[in-house]
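Text of model_25.txt, listed as compact mmCIF, C-alpha atoms:
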# COMPACT_ATOMS: atom_id res chain seq x y z
CA MET A 1222 -29.00 -0.33 21.72
CA GLU A 1223 -25.78 -1.70 23.16
CA TRP A 1224 -24.95 -3.08 19.70
CA THR A 1225 -25.58 0.17 17.81
CA LYS A 1226 -23.42 2.04 20.31
CA GLN A 1227 -20.65 -0.46 19.88
CA PHE A 1228 -20.97 -0.38 16.10
CA GLY A 1229 -20.80 3.43 16.06
CA ARG A 1230 -17.72 3.40 18.24
CA TYR A 1231 -16.01 0.88 15.94
CA ALA A 1232 -16.89 2.93 12.85
CA LEU A 1233 -15.26 5.90 14.56
CA ILE A 1234 -12.11 3.86 15.25
CA MET A 1235 -11.94 2.78 11.58
CA LEU A 1236 -12.26 6.42 10.52
CA LEU A 1237 -9.49 7.40 12.93
CA GLN A 1238 -7.30 4.69 11.42
CA VAL A 1239 -7.90 5.83 7.85
CA LEU A 1240 -7.88 9.59 8.41
CA LEU A 1241 -5.10 9.85 10.98
CA PHE A 1242 -2.99 6.76 11.54
CA ASP A 1243 -2.69 5.84 7.85
CA GLN A 1244 -1.35 9.33 7.14
CA LEU A 1245 1.46 9.07 9.71
CA GLN A 1246 4.87 9.15 8.15
CA LEU A 1247 7.26 8.70 11.04
CA TRP A 1248 10.70 7.18 10.72
CA GLY A 1249 9.62 5.25 7.63
CA ALA A 1250 8.64 2.16 9.58
CA CYS A 1251 5.73 3.30 11.71
CA HIS A 1252 2.43 2.00 10.34
CA PRO A 1253 0.27 1.28 13.38
CA TYR A 1254 -3.01 -0.51 12.70
CA ILE A 1255 -5.09 0.64 15.64
CA TYR A 1256 -8.29 -0.54 13.95
CA ILE A 1257 -7.78 -4.04 15.38
CA LEU A 1258 -8.92 -2.46 18.65
CA CYS A 1259 -12.46 -3.20 17.35
CA LEU A 1260 -11.65 -6.87 16.95
CA LEU A 1261 -9.69 -7.26 20.19
CA MET A 1262 -12.37 -5.64 22.36
CA MET A 1263 -15.30 -7.60 20.89
CA GLN A 1264 -17.10 -9.90 23.30
CA ILE A 1265 -16.58 -13.59 22.61
CA THR A 1266 -20.21 -14.52 23.14
CA LEU A 1267 -20.76 -14.86 19.38
CA PRO A 1268 -20.05 -18.19 17.66
CA HIS A 1269 -16.39 -18.58 16.72
CA ASN A 1270 -17.25 -18.82 12.99
CA VAL A 1271 -19.13 -15.54 13.07
CA ASP A 1272 -16.16 -13.96 14.86
CA MET A 1273 -13.86 -15.01 12.04
CA LEU A 1274 -16.32 -13.74 9.40
CA ILE A 1275 -16.42 -10.35 11.13
CA GLY A 1276 -12.62 -10.36 11.17
CA ALA A 1277 -12.55 -11.12 7.44
CA ALA A 1278 -14.98 -8.27 6.70
CA VAL A 1279 -13.10 -5.71 8.81
CA GLY A 1280 -9.79 -6.79 7.24
CA LEU A 1281 -11.22 -6.53 3.74
CA ILE A 1282 -12.42 -2.97 4.39
CA MET A 1283 -8.92 -1.99 5.56
CA ASP A 1284 -7.42 -3.68 2.48
CA VAL A 1285 -9.49 -1.49 0.20
CA PHE A 1286 -8.03 1.59 1.88
CA CYS A 1287 -4.47 0.24 1.77
CA ASN A 1288 -4.43 -1.24 -1.77
CA SER A 1289 -3.33 -4.50 -0.22
CA LEU A 1290 -6.15 -6.86 -1.15
CA GLY A 1291 -6.23 -9.89 1.17
CA VAL A 1292 -3.35 -8.93 3.46
CA HIS A 1293 -5.32 -7.40 6.33
CA MET A 1294 -8.04 -9.95 5.75
CA ALA A 1295 -5.64 -12.87 6.32
CA ALA A 1296 -4.17 -11.26 9.46
CA CYS A 1297 -7.58 -10.43 10.96
CA ILE A 1298 -8.95 -13.93 10.36
CA LEU A 1299 -5.85 -15.33 12.04
CA ILE A 1300 -6.18 -13.26 15.21
CA MET A 1301 -9.92 -13.91 15.38
CA PHE A 1302 -9.19 -17.63 15.15
CA ILE A 1303 -6.60 -17.54 17.95
CA ARG A 1304 -8.55 -15.17 20.22
CA PRO A 1305 -10.88 -17.50 22.15
CA TYR A 1306 -8.13 -20.06 22.80
CA LEU A 1307 -5.77 -17.34 23.98
CA LEU A 1308 -8.38 -15.78 26.27
CA GLY A 1309 -9.27 -19.20 27.63
CA SER A 1310 -5.68 -19.81 28.60
CA ILE A 1311 -4.86 -16.44 30.19
CA VAL A 1312 -8.15 -15.60 31.92
CA ASN A 1313 -8.88 -17.87 34.86
CA ASP A 1314 -12.35 -16.63 35.75
CA LYS A 1315 -14.45 -17.71 32.75
CA ASP A 1316 -17.48 -15.66 33.87
CA ARG A 1317 -15.50 -12.54 33.10
CA LEU A 1318 -15.58 -13.36 29.38
CA ASN A 1319 -19.30 -12.73 28.98
CA GLU A 1320 -18.95 -8.99 28.58
CA GLN A 1321 -16.74 -6.91 26.29
CA ILE A 1322 -13.08 -7.73 26.66
CA SER A 1323 -11.64 -4.79 28.58
CA LEU A 1324 -9.42 -3.64 31.38
CA ARG A 1325 -12.35 -3.87 33.79
CA ALA A 1326 -13.33 -7.34 32.68
CA ILE A 1327 -10.01 -9.16 32.62
CA GLY A 1328 -7.58 -6.96 34.54
CA ILE A 1329 -4.44 -5.17 33.47
CA GLU A 1330 -2.07 -8.13 33.44
CA ALA A 1331 -4.24 -10.35 31.28
CA LEU A 1332 -5.13 -7.42 29.03
CA ILE A 1333 -1.48 -6.60 28.32
CA LYS A 1334 -0.61 -10.25 27.68
CA TYR A 1335 -3.62 -10.65 25.38
CA ALA A 1336 -3.02 -7.41 23.46
CA VAL A 1337 0.74 -7.89 23.03
CA ILE A 1338 0.36 -11.39 21.60
CA LEU A 1339 -2.45 -10.56 19.17
CA VAL A 1340 -1.07 -7.18 18.06
CA VAL A 1341 2.36 -8.63 17.31
CA ILE A 1342 0.84 -11.60 15.43
CA HIS A 1343 -1.42 -9.28 13.42
CA HIS A 1344 1.28 -6.73 12.56
CA LEU A 1345 3.87 -9.37 11.71
CA THR A 1346 1.39 -11.11 9.40
CA VAL A 1347 0.38 -7.88 7.68
CA PHE A 1348 3.93 -6.65 7.11
CA SER A 1349 5.38 -9.97 5.98
CA LEU A 1350 2.48 -10.68 3.62
CA ALA A 1351 2.79 -7.16 2.20
CA ALA A 1352 6.53 -7.60 1.68
CA TRP A 1353 5.99 -11.09 0.22
CA SER A 1354 9.70 -12.03 0.21
CA TRP A 1355 12.49 -12.87 2.66
CA GLN A 1356 14.61 -10.13 1.18
CA HIS A 1357 13.01 -7.44 3.37
CA ILE A 1358 12.85 -9.48 6.59
CA GLY A 1359 14.91 -6.91 8.54
CA PHE A 1360 12.62 -4.07 7.57
CA VAL A 1361 9.53 -6.18 8.28
CA LEU A 1362 10.74 -6.94 11.82
CA LEU A 1363 11.58 -3.29 12.48
CA GLU A 1364 8.19 -2.24 11.13
CA THR A 1365 6.48 -4.82 13.36
CA VAL A 1366 8.27 -3.68 16.52
CA VAL A 1367 7.81 0.07 15.98
CA SER A 1368 4.18 -0.16 14.83
CA SER A 1369 3.18 -2.69 17.52
CA ILE A 1370 4.43 -0.34 20.25
CA ILE A 1371 2.25 2.50 18.94
CA THR A 1372 -0.80 0.26 18.46
CA LEU A 1373 -0.42 -1.23 21.95
CA THR A 1374 -0.10 2.22 23.50
CA VAL A 1375 -3.33 3.28 21.81
CA ILE A 1376 -5.16 0.09 22.87
CA ILE A 1377 -4.06 0.33 26.51
CA ALA A 1378 -4.80 4.07 26.62
CA TYR A 1379 -8.26 3.46 25.14
CA ASN A 1380 -8.96 0.94 27.88
CA PHE A 1381 -7.85 3.30 30.62
CA VAL A 1382 -10.05 6.09 29.26
CA GLU A 1383 -13.11 3.91 28.61
CA TYR A 1384 -13.05 1.44 31.47
CA ARG A 1385 -11.15 2.99 34.36
CA MET B 613 -20.98 -41.01 6.34
CA GLN B 614 -22.24 -40.11 9.77
CA THR B 615 -18.79 -40.26 11.30
CA LEU B 616 -17.49 -38.02 8.53
CA LEU B 617 -20.22 -35.47 9.28
CA LYS B 618 -19.40 -35.68 12.97
CA ILE B 619 -15.74 -35.00 12.28
CA LEU B 620 -16.61 -32.10 9.99
CA LEU B 621 -18.87 -30.60 12.64
CA ARG B 622 -16.29 -31.07 15.33
CA TYR B 623 -13.63 -29.23 13.38
CA SER B 624 -15.97 -26.75 11.69
CA ASN B 625 -14.23 -23.76 13.27
CA PHE B 626 -10.90 -24.81 11.92
CA LEU B 627 -12.40 -25.55 8.50
CA VAL B 628 -14.01 -22.11 8.34
CA PHE B 629 -10.68 -20.63 9.37
CA LEU B 630 -8.85 -22.49 6.60
CA LEU B 631 -11.48 -21.59 4.04
CA LEU B 632 -11.34 -17.90 4.88
CA GLU B 633 -7.54 -17.86 4.86
CA VAL B 634 -7.51 -19.56 1.46
CA ALA B 635 -9.88 -16.86 0.18
CA ALA B 636 -7.57 -14.16 1.57
CA PHE B 637 -4.50 -15.69 -0.05
CA LEU B 638 -6.33 -16.01 -3.36
CA LEU B 639 -7.08 -12.30 -3.16
CA ILE B 640 -3.43 -11.54 -2.38
CA SER B 641 -2.13 -13.53 -5.33
CA MET B 642 -4.81 -12.09 -7.61
CA ASN B 643 -3.86 -8.57 -6.59
CA SER B 644 -0.15 -8.96 -7.28
CA ALA B 645 -0.62 -10.80 -10.57
CA TYR B 646 -3.35 -8.87 -12.30
CA PRO B 647 -5.51 -6.47 -10.36
CA ARG B 648 -8.83 -6.19 -12.17
CA SER B 649 -11.18 -4.89 -9.57
CA SER B 650 -11.15 -1.17 -9.01
CA ILE B 651 -13.86 -1.51 -6.35
CA LEU B 652 -11.42 -3.27 -4.04
CA SER B 653 -8.70 -0.63 -4.27
CA THR B 654 -8.25 3.07 -3.61
CA ALA B 655 -9.75 3.66 -7.08
CA ASN B 656 -13.04 2.83 -5.37
CA GLU B 657 -15.30 5.90 -5.51
CA PHE B 658 -15.90 6.25 -1.79
CA VAL B 659 -12.32 5.63 -0.71
CA ALA B 660 -10.93 7.96 -3.36
CA TRP B 661 -13.46 10.64 -2.47
CA GLN B 662 -12.43 10.38 1.17
CA ASN B 663 -8.77 10.58 0.16
CA ALA B 664 -9.47 13.57 -2.06
CA VAL B 665 -11.10 15.38 0.88
CA VAL B 666 -8.13 14.59 3.14
CA SER B 667 -5.69 15.73 0.48
CA ASP B 668 -7.66 18.97 -0.01
CA ILE B 669 -7.49 19.71 3.70
CA ARG B 670 -3.80 18.92 3.81
CA GLY B 671 -3.35 21.02 0.69
CA TYR B 672 -4.13 24.21 2.61
CA PHE B 673 -1.13 23.64 4.79
CA ASN B 674 1.40 23.74 1.98
CA LEU B 675 -0.15 26.14 -0.50
CA ARG B 676 3.04 28.11 -0.83
CA ALA B 677 5.15 25.15 -1.90
CA GLN B 678 2.42 24.09 -4.32
CA ASN B 679 2.29 27.54 -5.89
CA GLU B 680 6.01 27.46 -6.45
CA GLN B 681 5.77 24.05 -8.03
CA LEU B 682 2.91 25.16 -10.29
CA ALA B 683 4.82 28.23 -11.40
CA ALA B 684 7.83 26.10 -12.28
CA GLU B 685 5.56 23.73 -14.14
CA ASN B 686 4.07 26.57 -16.16
CA VAL B 687 7.48 27.68 -17.31
CA ALA B 688 8.45 24.18 -18.28
CA LEU B 689 5.16 23.64 -20.12
CA ARG B 690 5.62 26.80 -22.11
CA ASN B 691 9.07 25.59 -23.05
CA ARG B 692 7.64 22.33 -24.16
CA ILE B 693 5.06 23.97 -26.38
CA THR B 694 7.78 25.80 -28.24
CA SER B 695 9.74 22.62 -28.82
CA MET B 696 6.64 20.57 -29.56
CA ASP B 697 6.62 21.13 -33.31
CA SER B 698 9.98 19.49 -33.68
CA GLU B 699 8.96 16.41 -31.71
CA GLU B 700 7.91 13.63 -33.99
CA ASN B 701 5.94 12.13 -31.11
CA ALA B 702 3.74 15.14 -30.68
CA ALA B 703 0.92 13.79 -32.82
CA VAL B 704 0.60 10.40 -31.10
CA ILE B 705 1.27 11.44 -27.52
CA HIS B 706 -1.23 13.32 -25.47
CA TYR B 707 -0.77 14.44 -21.88
CA GLU B 708 -3.64 14.44 -19.41
CA SER B 709 -3.02 16.31 -16.17
CA ALA B 710 -4.11 14.75 -12.89
CA LYS B 711 -3.94 15.48 -9.20
CA VAL B 712 -2.53 13.04 -6.67
CA VAL B 713 -5.20 12.44 -4.05
CA GLN B 714 -3.47 9.80 -1.99
CA MET B 715 0.04 8.41 -1.80
CA THR B 716 2.40 6.53 0.46
CA THR B 717 6.18 6.83 0.25
CA ASP B 718 7.51 4.86 3.20
CA ARG B 719 6.33 1.32 2.52
CA LEU B 720 7.65 -1.48 0.35
CA HIS B 721 4.58 -1.41 -1.87
CA ASN B 722 3.82 2.25 -2.28
CA TYR B 723 0.89 3.35 -4.41
CA LEU B 724 -0.62 6.65 -5.40
CA THR B 725 -4.17 7.44 -6.43
CA ILE B 726 -4.93 10.09 -9.05
CA ASN B 727 -8.23 11.81 -9.77
CA ARG B 728 -8.57 10.62 -13.36
CA GLY B 729 -10.17 7.36 -14.49
CA SER B 730 -11.60 5.51 -17.45
CA LYS B 731 -14.04 8.39 -18.06
CA ASP B 732 -10.98 10.56 -18.81
CA GLY B 733 -9.48 7.94 -21.12
CA ILE B 734 -7.04 6.50 -18.61
CA GLN B 735 -6.09 2.88 -19.28
CA ARG B 736 -4.09 0.30 -17.42
CA GLY B 737 -0.40 0.44 -18.39
CA GLN B 738 -0.21 4.13 -19.26
CA GLY B 739 2.81 6.03 -17.98
CA ILE B 740 2.74 8.76 -15.35
CA ARG B 741 5.27 11.59 -15.23
CA ASN B 742 5.58 15.04 -13.84
CA GLU B 743 7.79 17.96 -14.71
CA GLU B 744 10.72 16.49 -12.79
CA GLY B 745 10.66 13.05 -14.39
CA VAL B 746 9.15 9.59 -14.39
CA VAL B 747 6.56 8.80 -11.69
CA GLY B 748 5.11 5.37 -12.46
CA ILE B 749 2.62 3.27 -14.41
CA VAL B 750 -1.18 3.02 -14.08
CA LYS B 751 -2.12 -0.20 -12.33
CA THR B 752 -5.88 -0.17 -11.68
CA VAL B 753 -8.48 2.06 -13.30
CA GLY B 754 -11.83 3.06 -11.83
CA PRO B 755 -14.40 5.35 -13.46
CA HIS B 756 -13.05 8.56 -11.90
CA TYR B 757 -9.87 7.53 -10.11
CA SER B 758 -6.87 5.31 -10.85
CA VAL B 759 -4.19 3.63 -8.80
CA VAL B 760 -0.59 4.12 -9.95
CA LEU B 761 2.36 1.84 -9.27
CA PRO B 762 5.19 4.35 -8.75
CA VAL B 763 8.92 3.84 -9.29
CA ILE B 764 9.23 3.55 -5.51
CA ASN B 765 7.38 0.23 -5.32
CA THR B 766 9.40 -2.98 -5.15
CA MET B 767 7.26 -4.38 -8.00
CA SER B 768 8.13 -1.52 -10.34
CA ASN B 769 10.17 -2.18 -13.48
CA ILE B 770 10.98 0.56 -15.97
CA SER B 771 13.15 0.37 -19.06
CA CYS B 772 15.82 3.12 -19.13
CA ARG B 773 19.00 4.06 -20.90
CA PHE B 774 22.07 6.20 -20.40
CA ALA B 775 21.71 9.57 -22.09
CA LYS B 776 25.40 9.57 -23.06
CA ASN B 777 25.61 6.34 -25.05
CA ASP B 778 22.17 4.67 -25.25
CA TYR B 779 23.14 1.68 -23.07
CA LEU B 780 19.98 0.07 -21.68
CA GLY B 781 19.11 -0.85 -18.12
CA THR B 782 16.08 -1.64 -15.95
CA LEU B 783 15.07 0.63 -13.10
CA LYS B 784 14.04 -1.20 -9.93
CA TRP B 785 13.52 -0.23 -6.31
CA ASP B 786 14.96 -1.93 -3.25
CA GLY B 787 12.40 -0.61 -0.76
CA LYS B 788 14.88 1.43 1.24
CA ASP B 789 14.91 5.12 0.36
CA ASN B 790 12.32 6.96 -1.73
CA ARG B 791 14.99 9.26 -3.20
CA PHE B 792 17.04 6.46 -4.77
CA ALA B 793 16.44 3.49 -7.08
CA LEU B 794 18.64 0.79 -8.60
CA LEU B 795 19.57 0.42 -12.24
CA ALA B 796 19.91 -3.26 -13.09
CA ASP B 797 21.12 -5.18 -16.16
CA VAL B 798 24.00 -2.85 -17.07
CA SER B 799 26.90 -5.01 -18.30
CA ALA B 800 30.26 -4.83 -16.58
CA HIS B 801 32.12 -3.70 -19.70
CA MET B 802 30.27 -0.41 -19.78
CA VAL B 803 31.93 2.53 -17.96
CA VAL B 804 29.59 4.09 -15.38
CA ASN B 805 30.45 7.38 -13.75
CA PRO B 806 28.63 9.17 -10.94
CA GLY B 807 26.66 12.00 -12.52
CA ASP B 808 25.64 10.10 -15.66
CA THR B 809 22.09 10.97 -16.67
CA ILE B 810 19.48 8.21 -16.96
CA ILE B 811 16.41 8.74 -19.17
CA THR B 812 13.52 6.58 -20.35
CA SER B 813 14.44 4.30 -23.24
CA GLY B 814 11.35 4.78 -25.39
CA LEU B 815 11.47 1.06 -26.12
CA SER B 816 8.02 0.50 -24.65
CA PRO B 817 5.00 2.59 -25.58
CA VAL B 818 4.50 3.47 -21.89
CA PHE B 819 6.90 6.40 -21.91
CA PRO B 820 8.24 8.38 -24.86
CA GLU B 821 12.01 8.52 -25.14
CA GLY B 822 14.03 10.94 -23.04
CA ILE B 823 11.95 11.61 -19.93
CA PRO B 824 14.39 12.21 -17.04
CA VAL B 825 14.67 9.31 -14.61
CA GLY B 826 17.63 10.27 -12.45
CA ILE B 827 21.36 10.71 -12.07
CA VAL B 828 23.85 8.00 -11.15
CA GLU B 829 24.77 8.49 -7.48
CA ASN B 830 27.36 5.72 -7.25
CA SER B 831 28.10 2.38 -8.81
CA THR B 832 29.98 -0.67 -7.63
CA LEU B 833 31.42 -3.55 -9.61
CA LYS B 834 32.77 -6.47 -7.63
CA GLU B 835 35.37 -8.84 -9.00
CA GLY B 836 33.60 -11.44 -11.12
CA ASP B 837 30.27 -9.61 -11.37
CA SER B 838 28.84 -9.39 -14.86
CA TYR B 839 26.55 -6.48 -14.03
CA HIS B 840 27.07 -3.14 -12.28
CA THR B 841 25.21 -2.32 -9.09
CA ILE B 842 24.09 1.22 -9.79
CA CYS B 843 22.33 3.55 -7.38
CA VAL B 844 20.34 6.28 -9.12
CA ARG B 845 19.18 9.51 -7.47
CA LEU B 846 15.63 9.90 -8.81
CA SER B 847 14.71 13.17 -10.52
CA THR B 848 11.19 12.99 -9.13
CA ASN B 849 10.68 14.06 -5.55
CA PHE B 850 8.00 11.65 -4.38
CA LYS B 851 7.72 13.33 -1.00
CA ARG B 852 5.98 16.37 -2.46
CA LEU B 853 4.23 14.94 -5.48
CA LYS B 854 1.04 16.88 -6.13
CA TYR B 855 0.30 17.14 -9.84
CA VAL B 856 1.21 14.57 -12.48
CA GLU B 857 0.61 13.96 -16.16
CA VAL B 858 -0.67 10.77 -17.74
CA VAL B 859 1.13 9.84 -20.94
CA GLN B 860 -1.48 8.72 -23.45
CA ASN B 861 0.09 7.12 -26.47
CA ALA B 862 -2.46 6.70 -29.25
CA ASP B 863 -0.47 3.77 -30.62
CA GLN B 864 0.01 1.99 -27.28
CA LYS B 865 -2.68 -0.61 -27.89
CA GLU B 866 -1.43 -1.46 -31.35
CA LEU B 867 2.18 -1.67 -30.21
CA GLU B 868 1.29 -3.92 -27.28
CA GLU B 869 -0.82 -6.20 -29.42
CA LEU B 870 2.09 -6.54 -31.85
CA THR B 871 4.60 -7.47 -29.15
CA ASN B 872 2.18 -9.81 -27.39
CA GLY B 873 1.63 -11.62 -30.66
CA MET B 874 5.37 -12.33 -30.82
CA ASP B 875 5.55 -14.63 -27.81
Let me see whether you can do it: turn the structure in this file into structure tokens.
Amino acid sequence: MEWTKQFGRYALIMLLQVLLFDQLQLWGACHPYIYILCLLMMQITLPHNVDMLIGAAVGLIMDVFCNSLGVHMAACILIMFIRPYLLGSIVNDKDRLNEQISLRAIGIEALIKYAVILVVIHHLTVFSLAAWSWQHIGFVLLETVVSSIITLTVIIAYNFVEYR
Amino acid sequence: MQTLLKILLRYSNFLVFLLLEVAAFLLISMNSAYPRSSILSTANEFVAWQNAVVSDIRGYFNLRAQNEQLAAENVALRNRITSMDSEENAAVIHYESAKVVQMTTDRLHNYLTINRGSKDGIQRGQGIRNEEGVVGIVKTVGPHYSVVLPVINTMSNISCRFAKNDYLGTLKWDGKDNRFALLADVSAHMVVNPGDTIITSGLSPVFPEGIPVGIVENSTLKEGDSYHTICVRLSTNFKRLKYVEVVQNADQKELEELTNGMD
């Protein structure tokens, strides 16, 4: 039951990404990928390999919608690989990691640290792989900063609404 | 053997990570070199259907602008019919109209999806234009939808010439502004003035000769450069692209086979 609920919620987030956030055309550099919310909030009770496979699948689905085969996949696998190590190093109380990663579980400070690091890594990877050359490095960095801010706002807001 | 297995097991997470990343990078390189799979793009039936629904909903919000564009298109089409008989191309070139169901304009690799596919005779490499001018080239074809690589994609490459004296150049995009593109390969000895008209060259079977591309906005020539740096204001307004036409050249296959045989 818990799993179906979670799956439904994640499907909704993916839809929101595709129907709303992909259509945003603000300032030319704002392409927030809020769908990684699904990956960031997943519990880390599953084996690490399975985590990475889920990341690959979610990334591949996004790629189909963005015509960017492999780009989101690579970025999602990367953050899913880093995730457990990062959580291990910023969350002191290991018992807290048995439930879904959330504001309630790990506290605001750890949540912000965790989200900032992974969102920036993910967005930077996506935008630089999509650009595929050093020529556009300035634009890629701008895109990363602007989009990360929006994505982070959505992730933090989601946590406040869901897990006050 | 046992130690090797132990090591493999110990680092299995990292190995899976590497393996998956390699797969992702293979997909990336495959996609930029020669995209074959329409399932894994917006030509995919479900994704395109979803995009078509979104574009229909959005369509209600700018009906007025669309009507104006359609009216202008009608006039231009009527004009074309009258001049058709004189065009020697008329027999080989057929236009198929299509609707844009999805498009991005503010990324480095912009794409648009149209609601025509292999069932409507669309093939990879066919040109896309609208009444204003050149739009792009078909990249991936699905049964009912196709993905188009527009001029405003950094991978785009279109052969053009000056209307005034037939000098050739290549149209590229620098990823900055969707209203402007760059014209490369124009030798320094040629005189370029702002306001010069750029049209398609007709040298490839993708576009017939003379489709408007844009107007020279400005050009710079530094001391010692052998080529001009030319900024072209595109005729096509990608921001409000709604209906396009696919250029179907009956001789395209033959012409491409001939040129491929040369190398």
List as CSV every residue of chain B that is in contact with chain A, defined as an atom at most 6 Å from one of its atoms (using all atoms listed in the file), together with the nearest atom pair and the distance in Å rounded to one decimal, sorted by chain and then rising number.
residue,atom,partner,partner_atom,distance
B:Asn625,CA,A:Asn1270,CA,5.8
B:Glu633,CA,A:Ala1295,CA,5.5
B:Ala636,CA,A:Gly1291,CA,4.5
B:Leu639,CA,A:Gly1291,CA,5.0
B:Ile640,CA,A:Gly1291,CA,4.8
B:Leu652,CA,A:Val1285,CA,5.0
B:Ser653,CA,A:Val1285,CA,4.6
B:Thr654,CA,A:Phe1286,CA,5.7
B:Asp718,CA,A:Gly1249,CA,4.9
Please determine an axis-aligned box that encloses all atoms of range 772-781 of chain B listed in the file, with 6 Å added on each side, and express its centre and edge lengths in Å to one decimal as AutoDock Vina command-line options.
--center_x 20.7 --center_y 4.4 --center_z -21.7 --size_x 21.8 --size_y 22.4 --size_z 19.1
Kindly give the distance, in Å, that separates CA of Asn643 in chain B and CA of Val747 in chain B, rounded to a single decimal.
20.9 Å
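For range 713-716 of chain B, the set of protein, DNA and RNA residues having any atom at most 8 Å away, when counting only C-alpha atoms and skipping those fewer than 5 positions along the same chain, is Ala660, Asn663, Ala664, Ser667, Asn722, Tyr723, Leu724, Thr725, Ile726, Asn727 and Lys854 of chain B.
Distances from B:Gly745, B:Gly787, B:Pro806, B:Gly737 to Asn765 in chain B were compared using all atoms listed in the file, and the smallest one belongs to B:Gly787.
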Could you work out how far CA of Pro820 in chain B lies from CA of Leu794 in chain B, giving the answer in Å with one decimal?
20.7 Å
Within 8 Å of Leu1318 in chain A, counting all atoms listed in the file, which residues qualify if same-chain residues fewer than 3 places away don't, as a PDB file with C-alpha atoms, in the coordinates of the input?
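As a result, part_25.pdb now contains:
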ATOM      1  CA  GLN A1264     -17.100  -9.900  23.300  1.00  0.00           C
ATOM      2  CA  ILE A1265     -16.580 -13.590  22.610  1.00  0.00           C
ATOM      3  CA  THR A1266     -20.210 -14.520  23.140  1.00  0.00           C
ATOM      4  CA  ASP A1314     -12.350 -16.630  35.750  1.00  0.00           C
ATOM      5  CA  LYS A1315     -14.450 -17.710  32.750  1.00  0.00           C
ATOM      6  CA  GLN A1321     -16.740  -6.910  26.290  1.00  0.00           C
ATOM      7  CA  ILE A1322     -13.080  -7.730  26.660  1.00  0.00           C
ATOM      8  CA  ALA A1326     -13.330  -7.340  32.680  1.00  0.00           C
ATOM      9  CA  ILE A1327     -10.010  -9.160  32.620  1.00  0.00           C
TER      10      ILE A1327
END
Neighbour list for range 859-866 of chain B as a list in words, cut-off 7 Å, only C-alpha atoms, skip fewer than 5 positions in-chain:
Val704, Ile705, His706, Tyr707, Glu708, Gln738, Gly739, Ile740, Pro817 and Phe819 of chain B
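For range 1309-1312 of chain A, the list of residues within 10 Å, based on only C-alpha atoms and with local chain neighbours fewer than 2 positions off taken out, reads A:Arg1304, A:Pro1305, A:Tyr1306, A:Leu1307, A:Asp1314, A:Lys1315, A:Asp1316, A:Arg1317, A:Leu1318, A:Ala1326, A:Ile1327, A:Gly1328, A:Glu1330, A:Ala1331, A:Leu1332, A:Lys1334, A:Tyr1335.
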Since the input lacks atoms, please generate N, CA and C atoms for range 1271-1283 of chain A and provide them as a PDB file, keeping the file's coordinate frame.
ATOM      1  N   VAL A1271     -18.664 -16.894  13.348  1.00  0.00           N
ATOM      2  CA  VAL A1271     -19.130 -15.540  13.070  1.00  0.00           C
ATOM      3  C   VAL A1271     -18.016 -14.534  13.385  1.00  0.00           C
ATOM      4  N   ASP A1272     -17.320 -14.781  14.490  1.00  0.00           N
ATOM      5  CA  ASP A1272     -16.160 -13.960  14.860  1.00  0.00           C
ATOM      6  C   ASP A1272     -15.175 -13.838  13.701  1.00  0.00           C
ATOM      7  N   MET A1273     -14.853 -14.995  13.113  1.00  0.00           N
ATOM      8  CA  MET A1273     -13.860 -15.010  12.040  1.00  0.00           C
ATOM      9  C   MET A1273     -14.391 -14.280  10.804  1.00  0.00           C
ATOM     10  N   LEU A1274     -15.715 -14.440  10.549  1.00  0.00           N
ATOM     11  CA  LEU A1274     -16.320 -13.740   9.400  1.00  0.00           C
ATOM     12  C   LEU A1274     -16.247 -12.222   9.602  1.00  0.00           C
ATOM     13  N   ILE A1275     -16.518 -11.782  10.841  1.00  0.00           N
ATOM     14  CA  ILE A1275     -16.420 -10.350  11.130  1.00  0.00           C
ATOM     15  C   ILE A1275     -14.981  -9.880  10.906  1.00  0.00           C
ATOM     16  N   GLY A1276     -14.029 -10.690  11.382  1.00  0.00           N
ATOM     17  CA  GLY A1276     -12.620 -10.360  11.170  1.00  0.00           C
ATOM     18  C   GLY A1276     -12.304 -10.212   9.692  1.00  0.00           C
ATOM     19  N   ALA A1277     -12.803 -11.164   8.881  1.00  0.00           N
ATOM     20  CA  ALA A1277     -12.550 -11.120   7.440  1.00  0.00           C
ATOM     21  C   ALA A1277     -13.111  -9.840   6.834  1.00  0.00           C
ATOM     22  N   ALA A1278     -14.332  -9.463   7.266  1.00  0.00           N
ATOM     23  CA  ALA A1278     -14.980  -8.270   6.700  1.00  0.00           C
ATOM     24  C   ALA A1278     -14.202  -7.009   7.081  1.00  0.00           C
ATOM     25  N   VAL A1279     -13.850  -6.890   8.356  1.00  0.00           N
ATOM     26  CA  VAL A1279     -13.100  -5.710   8.810  1.00  0.00           C
ATOM     27  C   VAL A1279     -11.761  -5.613   8.066  1.00  0.00           C
ATOM     28  N   GLY A1280     -11.075  -6.771   7.939  1.00  0.00           N
ATOM     29  CA  GLY A1280      -9.790  -6.790   7.240  1.00  0.00           C
ATOM     30  C   GLY A1280      -9.934  -6.369   5.788  1.00  0.00           C
ATOM     31  N   LEU A1281     -11.004  -6.850   5.155  1.00  0.00           N
ATOM     32  CA  LEU A1281     -11.220  -6.530   3.740  1.00  0.00           C
ATOM     33  C   LEU A1281     -11.447  -5.022   3.557  1.00  0.00           C
ATOM     34  N   ILE A1282     -12.191  -4.420   4.478  1.00  0.00           N
ATOM     35  CA  ILE A1282     -12.420  -2.970   4.390  1.00  0.00           C
ATOM     36  C   ILE A1282     -11.080  -2.230   4.482  1.00  0.00           C
ATOM     37  N   MET A1283     -10.233  -2.638   5.425  1.00  0.00           N
ATOM     38  CA  MET A1283      -8.920  -1.990   5.560  1.00  0.00           C
ATOM     39  C   MET A1283      -8.098  -2.178   4.277  1.00  0.00           C
TER      40      MET A1283
END
